[in-house]
$ cat run-v1.csv   # CSV, C-alpha atoms
chain,number,residue,atom,x,y,z
Y,24,MET,CA,0.0,0.0,0.0
Y,25,THR,CA,1.5,3.3,-1.0
Y,26,LYS,CA,0.3,6.8,-0.2
Y,27,THR,CA,0.8,9.4,-2.9
Y,28,ARG,CA,0.2,13.1,-2.4
Y,29,ALA,CA,1.8,14.3,-5.6
Y,30,ARG,CA,-0.8,15.0,-8.3
Y,31,ARG,CA,-0.2,14.5,-11.9
Y,32,ALA,CA,-3.7,14.8,-13.1
Y,33,VAL,CA,-3.2,17.3,-15.8
Y,34,CYS,CA,-0.4,15.2,-17.3
Y,35,VAL,CA,-2.6,12.1,-17.1
Y,36,PHE,CA,-5.4,14.0,-18.9
Y,37,CYS,CA,-3.1,15.0,-21.7
Y,38,GLU,CA,-1.9,11.4,-22.1
Y,39,THR,CA,-5.4,10.1,-22.3
Y,40,GLY,CA,-6.8,12.2,-25.1
Y,41,PHE,CA,-7.7,15.5,-23.4
Y,42,ARG,CA,-6.6,18.6,-25.1
Y,43,ARG,CA,-4.9,21.1,-22.9
Y,44,VAL,CA,-6.3,24.5,-23.7
Y,45,SER,CA,-4.4,26.5,-21.2
Y,46,ALA,CA,-2.1,26.0,-18.3
Y,47,SER,CA,-4.9,24.9,-16.0
Y,48,SER,CA,-7.9,23.8,-18.1
Y,49,LEU,CA,-8.7,20.8,-20.2
Y,50,MET,CA,-11.2,20.3,-23.1
Y,51,LEU,CA,-13.2,17.2,-23.5
Y,52,LYS,CA,-14.9,16.8,-26.9
Y,53,GLY,CA,-17.1,14.1,-28.4
Y,54,THR,CA,-17.5,11.7,-25.5
Y,55,SER,CA,-18.9,8.9,-27.7
Y,56,MET,CA,-17.1,5.9,-26.2
Y,57,SER,CA,-20.0,4.8,-24.0
Y,58,SER,CA,-23.7,4.4,-24.7
Y,59,ASP,CA,-24.4,6.8,-21.9
Y,60,ALA,CA,-22.7,9.6,-23.7
Y,61,ILE,CA,-24.5,12.6,-25.3
Y,62,ALA,CA,-23.2,13.2,-28.7
Y,63,GLU,CA,-21.6,16.5,-29.8
Y,64,LYS,CA,-21.1,18.1,-26.5
Y,65,LYS,CA,-18.0,19.8,-25.4
Y,66,TYR,CA,-16.8,20.4,-21.9
Y,67,ARG,CA,-14.0,22.3,-20.4
Y,68,ILE,CA,-12.7,21.3,-17.0
Y,69,ASN,CA,-10.9,24.2,-15.3
Y,70,TYR,CA,-8.5,23.8,-12.5
Y,71,GLY,CA,-10.6,23.7,-9.3
Y,72,THR,CA,-13.0,21.6,-7.3
Y,73,ALA,CA,-16.3,23.5,-7.6
Y,74,MET,CA,-18.1,25.1,-10.5
Y,75,ASN,CA,-15.1,24.2,-12.7
Y,76,VAL,CA,-16.9,22.2,-15.4
Y,77,HIS,CA,-18.2,24.3,-18.3
Y,78,GLU,CA,-20.3,23.2,-21.2
Y,79,ILE,CA,-19.0,24.8,-24.4
Y,80,ASP,CA,-21.3,25.8,-27.3
Y,81,GLU,CA,-20.5,25.6,-31.1
Y,82,THR,CA,-18.8,29.0,-31.1
Y,83,GLY,CA,-16.5,28.1,-28.3
Y,84,ARG,CA,-18.2,30.1,-25.6
Y,85,VAL,CA,-19.3,28.9,-22.2
Y,86,LYS,CA,-22.9,27.8,-22.4
Y,87,LEU,CA,-23.5,26.4,-18.9
Y,88,GLY,CA,-21.6,25.9,-15.7
Y,89,LEU,CA,-21.9,22.5,-14.1
Y,90,CYS,CA,-21.1,21.7,-10.5
Y,91,PHE,CA,-20.6,18.1,-9.5
Y,92,ALA,CA,-17.7,16.5,-7.6
Y,93,PRO,CA,-16.9,13.3,-5.7
Y,94,LYS,CA,-18.2,13.2,-2.2
Y,95,GLY,CA,-15.8,14.1,0.5
Y,96,SER,CA,-12.7,16.3,0.4
Y,97,LEU,CA,-10.4,15.2,-2.3
Y,98,VAL,CA,-7.3,16.8,-3.8
Y,99,THR,CA,-8.0,19.1,-6.8
Y,100,GLY,CA,-6.4,16.8,-9.3
Y,101,ASP,CA,-8.4,13.8,-8.1
Y,102,VAL,CA,-11.6,15.9,-8.4
Y,103,MET,CA,-10.8,16.9,-11.9
Y,104,LEU,CA,-9.9,13.3,-12.8
Y,105,ALA,CA,-13.2,12.0,-11.4
Y,106,GLN,CA,-15.1,14.7,-13.3
Y,107,LYS,CA,-13.3,13.7,-16.5
Y,108,ILE,CA,-14.0,10.0,-16.0
Y,109,ALA,CA,-17.6,10.7,-15.2
Y,110,LEU,CA,-18.2,12.8,-18.3
Y,111,GLU,CA,-16.4,10.2,-20.4
Y,112,THR,CA,-18.1,7.1,-19.1
Y,113,PHE,CA,-21.4,8.0,-17.5
Y,114,GLU,CA,-22.2,11.4,-18.8
Y,115,ARG,CA,-26.0,11.4,-18.4
Y,116,ARG,CA,-25.8,10.3,-14.8
Y,117,ALA,CA,-23.1,12.9,-14.1
Y,118,LEU,CA,-25.3,15.6,-15.6
Y,119,ALA,CA,-28.3,14.3,-13.6
Y,120,VAL,CA,-26.6,15.0,-10.3
Y,121,ALA,CA,-24.9,18.2,-11.4
Y,122,ASN,CA,-26.2,21.6,-10.4
Y,123,ARG,CA,-26.3,24.1,-13.2
Y,124,CYS,CA,-25.4,27.7,-13.2
Y,125,LEU,CA,-25.1,30.4,-15.8
Y,126,ILE,CA,-21.5,31.5,-16.3
Y,127,VAL,CA,-20.5,34.9,-17.8
Y,128,ASP,CA,-18.0,34.2,-20.5
Y,129,LEU,CA,-14.8,35.8,-19.1
Y,130,GLN,CA,-13.4,36.3,-22.6
Y,131,LEU,CA,-15.9,39.1,-23.1
Y,132,ARG,CA,-14.4,40.9,-20.2
Y,133,SER,CA,-10.8,40.1,-20.8
Y,134,ASN,CA,-8.2,42.6,-22.0
Y,135,ALA,CA,-8.3,41.0,-25.4
Y,136,GLY,CA,-12.0,41.6,-25.8
Y,137,ARG,CA,-11.6,45.2,-24.5
Y,138,ALA,CA,-8.9,45.9,-27.0
Y,139,GLU,CA,-11.1,44.5,-29.8
Y,140,ARG,CA,-13.9,46.7,-28.7
Y,141,ALA,CA,-11.6,49.7,-28.6
Y,142,ASN,CA,-10.4,49.1,-32.1
Y,143,ALA,CA,-13.8,48.4,-33.6
Y,144,PRO,CA,-15.2,51.2,-35.8
Y,145,ARG,CA,-17.6,53.4,-33.9
Y,146,ARG,CA,-21.1,53.9,-35.1
Y,147,PRO,CA,-21.5,57.3,-36.6
Y,148,HIS,CA,-23.5,59.6,-34.5
Y,149,ASP,CA,-26.2,61.1,-36.7
Y,150,GLN,CA,-26.7,64.6,-35.3
Y,151,THR,CA,-28.7,65.9,-38.3
Y,152,ASP,CA,-31.5,63.5,-37.9
Y,153,ARG,CA,-31.7,63.9,-34.2
Y,154,GLY,CA,-31.7,67.7,-34.5
Y,155,ALA,CA,-34.5,67.6,-37.1
Y,156,ARG,CA,-36.6,65.4,-35.0
Y,157,ASP,CA,-36.1,67.6,-31.9
Y,158,ARG,CA,-37.0,70.7,-33.9
Y,159,ALA,CA,-40.2,69.0,-35.2
Y,160,LEU,CA,-41.2,68.0,-31.7
Y,161,TRP,CA,-40.6,71.5,-30.5
Y,162,GLU,CA,-42.6,73.2,-33.2
Y,163,HIS,CA,-45.5,70.7,-33.4
Y,164,PRO,CA,-45.5,68.9,-30.1
Y,165,TYR,CA,-49.0,67.4,-30.4
Y,166,ASP,CA,-48.7,66.2,-34.0
Y,167,GLU,CA,-48.5,62.6,-34.6
G,24,MET,CA,1.9,-5.9,-10.9
G,25,ALA,CA,-1.7,-4.7,-11.0
G,26,MET,CA,-2.8,-1.7,-9.0
G,27,GLN,CA,-5.9,-0.4,-7.3
G,28,ILE,CA,-5.9,3.3,-6.7
G,29,VAL,CA,-8.4,4.6,-4.1
G,30,MET,CA,-8.9,8.3,-3.9
G,31,ASP,CA,-9.2,9.8,-0.5
G,32,HIS,CA,-8.6,13.0,1.4
G,33,ASN,CA,-4.9,12.3,1.7
G,34,GLY,CA,-4.4,12.0,-2.1
G,35,ASP,CA,-4.8,8.4,-3.0
G,36,THR,CA,-3.9,5.0,-1.6
G,37,ARG,CA,-2.4,2.5,-4.0
G,38,HIS,CA,-2.8,-1.3,-3.5
G,39,TYR,CA,-0.4,-3.4,-5.6
G,40,PHE,CA,-1.1,-7.1,-6.1
G,41,ASP,CA,0.1,-9.9,-8.3
G,42,PRO,CA,-2.7,-11.2,-10.6
G,43,ASN,CA,-1.0,-14.6,-10.6
G,44,ASP,CA,-1.2,-14.9,-6.8
G,45,ALA,CA,-4.6,-16.4,-5.9
G,46,ASP,CA,-4.5,-14.9,-2.3
G,47,ALA,CA,-3.7,-11.5,-3.5
G,48,LEU,CA,-6.3,-11.7,-6.2
G,49,ALA,CA,-9.0,-12.7,-3.7
G,50,LYS,CA,-8.0,-9.8,-1.5
G,51,ALA,CA,-8.2,-7.4,-4.4
G,52,GLU,CA,-11.6,-8.7,-5.4
G,53,GLU,CA,-12.8,-8.4,-1.8
G,54,ARG,CA,-11.5,-4.8,-1.7
G,55,PHE,CA,-13.2,-4.1,-5.0
G,56,LYS,CA,-16.6,-5.3,-3.7
G,57,GLU,CA,-16.2,-3.5,-0.4
G,58,LEU,CA,-15.4,-0.2,-2.1
G,59,THR,CA,-18.1,-0.4,-4.8
G,60,GLY,CA,-20.5,-1.4,-2.0
G,61,GLN,CA,-19.6,1.8,-0.2
G,62,GLY,CA,-20.6,3.8,-3.3
G,63,PHE,CA,-17.2,4.2,-4.9
G,64,THR,CA,-17.1,4.2,-8.7
G,65,ALA,CA,-14.5,1.9,-10.3
G,66,ALA,CA,-12.9,2.8,-13.6
G,67,VAL,CA,-10.3,0.9,-15.5
G,68,ARG,CA,-7.9,2.0,-18.1
G,69,ILE,CA,-8.4,0.1,-21.3
G,70,THR,CA,-6.3,0.0,-24.4
G,71,SER,CA,-5.3,3.3,-26.1
G,72,GLY,CA,-5.5,5.1,-22.8
G,73,GLU,CA,-9.2,5.3,-22.6
G,74,VAL,CA,-11.2,4.8,-19.4
G,75,ALA,CA,-14.2,2.6,-18.9
G,76,LYS,CA,-16.4,2.3,-15.8
G,77,THR,CA,-16.7,-1.1,-14.5
G,78,SER,CA,-19.0,-2.7,-11.9
G,79,LEU,CA,-17.3,-6.2,-11.9
G,80,PHE,CA,-13.9,-7.1,-10.7
G,81,ASN,CA,-11.5,-7.5,-13.7
G,82,PRO,CA,-8.4,-9.5,-12.7
G,83,THR,CA,-6.6,-8.6,-15.9
G,84,ALA,CA,-6.9,-4.8,-15.4
G,85,GLU,CA,-3.6,-3.2,-14.8
G,86,GLU,CA,-5.0,-0.1,-13.1
G,87,THR,CA,-8.3,0.4,-11.4
G,88,VAL,CA,-9.2,3.7,-9.9
G,89,PHE,CA,-11.9,4.2,-7.3
G,90,PHE,CA,-13.5,7.5,-6.6
G,91,PRO,CA,-16.4,8.4,-4.3
G,92,ARG,CA,-19.9,8.8,-5.6
G,93,LEU,CA,-20.7,12.0,-7.4
G,94,ILE,CA,-22.8,14.7,-5.8
G,95,GLY,CA,-24.0,18.0,-7.0
G,96,GLY,CA,-21.9,20.9,-5.7
$ encode --input "run-v1.csv" --output "structure tokens"
Amino acid sequence: MTKTRARRAVCVFCETGFRRVSASSLMLKGTSMSSDAIAEKKYRINYGTAMNVHEIDETGRVKLGLCFAPKGSLVTGDVMLAQKIALETFERRALAVANRCLIVDLQLRSNAGRAERANAPRRPHDQTDRGARDRALWEHPYDE
Amino acid sequence: MAMQIVMDHNGDTRHYFDPNDADALAKAEERFKELTGQGFTAAVRITSGEVAKTSLFNPTAEETVFFPRLIGG
């Protein structure tokens, strides 16, 4: 019997077909190996133990947050591994116990998104039309 | 050597056993039944690195991982 504290879960995930999308998150796509799987669903498991599983839509944005974990206090890597195995092998049952929450896509609030919005062309402000409408209202306030 | 990995709050506990040893195999099977009876989920690594959930003891499995039942967070 050997006690192991060191966690290599992220490396294990990468070895077993997960795609590492950042330093601390993993993407699971197309869990079709079991009959319990739901086709064409993508999940991202972020580093953490709670509210760290996200369902991803077709455009790559977070659609839904899922919160499920093994009972008891486990190490973060073990929790992530259990979530990954659950989504791969008994997805429907995992989703059945999971609590759902709406997640604001942080990409929209990131610096990259802010820079994109800053560089986007601004909508021209149409002063002439607004002025004409105001003048018409002032001169004939009760006309429809 | 085959291995059973049980996740717990200390990290995990690994039980090694020789699949050719009848006594060790019986102990491993008893441990499997005890853990699955407590609600643990057992998963084995199959070929090509994929994982499959199992509810029966597989003496040929190289690695079996046990984790507690899932609950909504």
$ residues_around --input "run-v1.csv" --residues "His38 (chain G)" --least-positions-apart "2" --cutoff "12 Å" --atoms "all atoms listed in the file" --output "list of chain:residue names"
Y:Met24, Y:Thr25, Y:Lys26, Y:Thr27, G:Met24, G:Ala25, G:Met26, G:Gln27, G:Ile28, G:Val29, G:Met30, G:Asp35, G:Thr36, G:Phe40, G:Asp41, G:Ala47, G:Leu48, G:Lys50, G:Ala51, G:Glu52, G:Arg54, G:Phe55, G:Glu85, G:Glu86, G:Thr87, G:Val88, G:Phe89
$ closest_atom_pairs --input "run-v1.csv" --of "chain G" --to "chain Y" --cutoff "9 Å" --atoms "only C-alpha atoms" --output "CSV"
residue,atom,partner,partner_atom,distance
G:Met30,CA,Y:Asp101,CA,6.9
G:Asp31,CA,Y:Leu97,CA,5.8
G:His32,CA,Y:Leu97,CA,4.7
G:Asn33,CA,Y:Arg28,CA,6.6
G:Gly34,CA,Y:Arg28,CA,4.7
G:Asp35,CA,Y:Thr27,CA,5.7
G:Thr36,CA,Y:Lys26,CA,4.8
G:Arg37,CA,Y:Thr25,CA,5.0
G:His38,CA,Y:Met24,CA,4.7
G:Tyr39,CA,Y:Met24,CA,6.6
G:Ala66,CA,Y:Ile108,CA,7.7
G:Ser71,CA,Y:Thr39,CA,7.8
G:Gly72,CA,Y:Thr39,CA,5.0
G:Glu73,CA,Y:Thr39,CA,6.1
G:Val74,CA,Y:Ile108,CA,6.8
G:Ala75,CA,Y:Thr112,CA,6.0
G:Lys76,CA,Y:Thr112,CA,6.1
G:Phe89,CA,Y:Ala105,CA,8.9
G:Phe90,CA,Y:Ala105,CA,6.6
G:Pro91,CA,Y:Pro93,CA,5.1
G:Arg92,CA,Y:Pro93,CA,5.4
G:Leu93,CA,Y:Pro93,CA,4.4
G:Ile94,CA,Y:Phe91,CA,5.5
G:Gly95,CA,Y:Phe91,CA,4.2
G:Gly96,CA,Y:Phe91,CA,4.9
$ atom_distance --input "run-v1.csv" --atom1 "CA of Ile68 (chain Y)" --atom2 "CA of Thr82 (chain Y)"
17.2 Å
$ atom_distance --input "run-v1.csv" --atom1 "CA of Arg68 (chain G)" --atom2 "CA of Phe80 (chain G)"
13.2 Å
$ atom_distance --input "run-v1.csv" --atom1 "CA of Glu78 (chain Y)" --atom2 "CA of Ile126 (chain Y)"
9.7 Å
$ decode --input "run-v1.csv" --residues "region 25-73 of chain G" --atoms "C-alpha atoms" --output "tab-separated table (two decimals), in the first residue's frame"
chain	number	residue	atom	x	y	z
G	25	ALA	CA	-1.67	-4.70	-11.01
G	26	MET	CA	-2.76	-1.70	-9.01
G	27	GLN	CA	-5.89	-0.41	-7.34
G	28	ILE	CA	-5.94	3.33	-6.70
G	29	VAL	CA	-8.38	4.58	-4.10
G	30	MET	CA	-8.93	8.32	-3.92
G	31	ASP	CA	-9.21	9.75	-0.46
G	32	HIS	CA	-8.59	13.00	1.37
G	33	ASN	CA	-4.87	12.25	1.68
G	34	GLY	CA	-4.37	12.03	-2.06
G	35	ASP	CA	-4.75	8.41	-2.98
G	36	THR	CA	-3.93	4.99	-1.62
G	37	ARG	CA	-2.40	2.46	-3.97
G	38	HIS	CA	-2.76	-1.26	-3.50
G	39	TYR	CA	-0.43	-3.40	-5.57
G	40	PHE	CA	-1.14	-7.07	-6.13
G	41	ASP	CA	0.12	-9.89	-8.29
G	42	PRO	CA	-2.66	-11.16	-10.57
G	43	ASN	CA	-1.03	-14.62	-10.61
G	44	ASP	CA	-1.21	-14.92	-6.84
G	45	ALA	CA	-4.57	-16.41	-5.86
G	46	ASP	CA	-4.55	-14.94	-2.33
G	47	ALA	CA	-3.68	-11.46	-3.53
G	48	LEU	CA	-6.31	-11.70	-6.21
G	49	ALA	CA	-8.95	-12.71	-3.70
G	50	LYS	CA	-8.00	-9.77	-1.47
G	51	ALA	CA	-8.16	-7.42	-4.41
G	52	GLU	CA	-11.59	-8.70	-5.36
G	53	GLU	CA	-12.79	-8.35	-1.80
G	54	ARG	CA	-11.48	-4.77	-1.71
G	55	PHE	CA	-13.22	-4.07	-5.00
G	56	LYS	CA	-16.56	-5.33	-3.69
G	57	GLU	CA	-16.17	-3.46	-0.43
G	58	LEU	CA	-15.40	-0.16	-2.14
G	59	THR	CA	-18.11	-0.43	-4.76
G	60	GLY	CA	-20.51	-1.43	-1.99
G	61	GLN	CA	-19.64	1.80	-0.19
G	62	GLY	CA	-20.57	3.76	-3.29
G	63	PHE	CA	-17.20	4.19	-4.94
G	64	THR	CA	-17.09	4.21	-8.71
G	65	ALA	CA	-14.51	1.94	-10.30
G	66	ALA	CA	-12.89	2.78	-13.60
G	67	VAL	CA	-10.26	0.85	-15.49
G	68	ARG	CA	-7.87	2.03	-18.12
G	69	ILE	CA	-8.39	0.11	-21.32
G	70	THR	CA	-6.26	0.04	-24.42
G	71	SER	CA	-5.32	3.28	-26.14
G	72	GLY	CA	-5.48	5.11	-22.84
G	73	GLU	CA	-9.23	5.32	-22.64
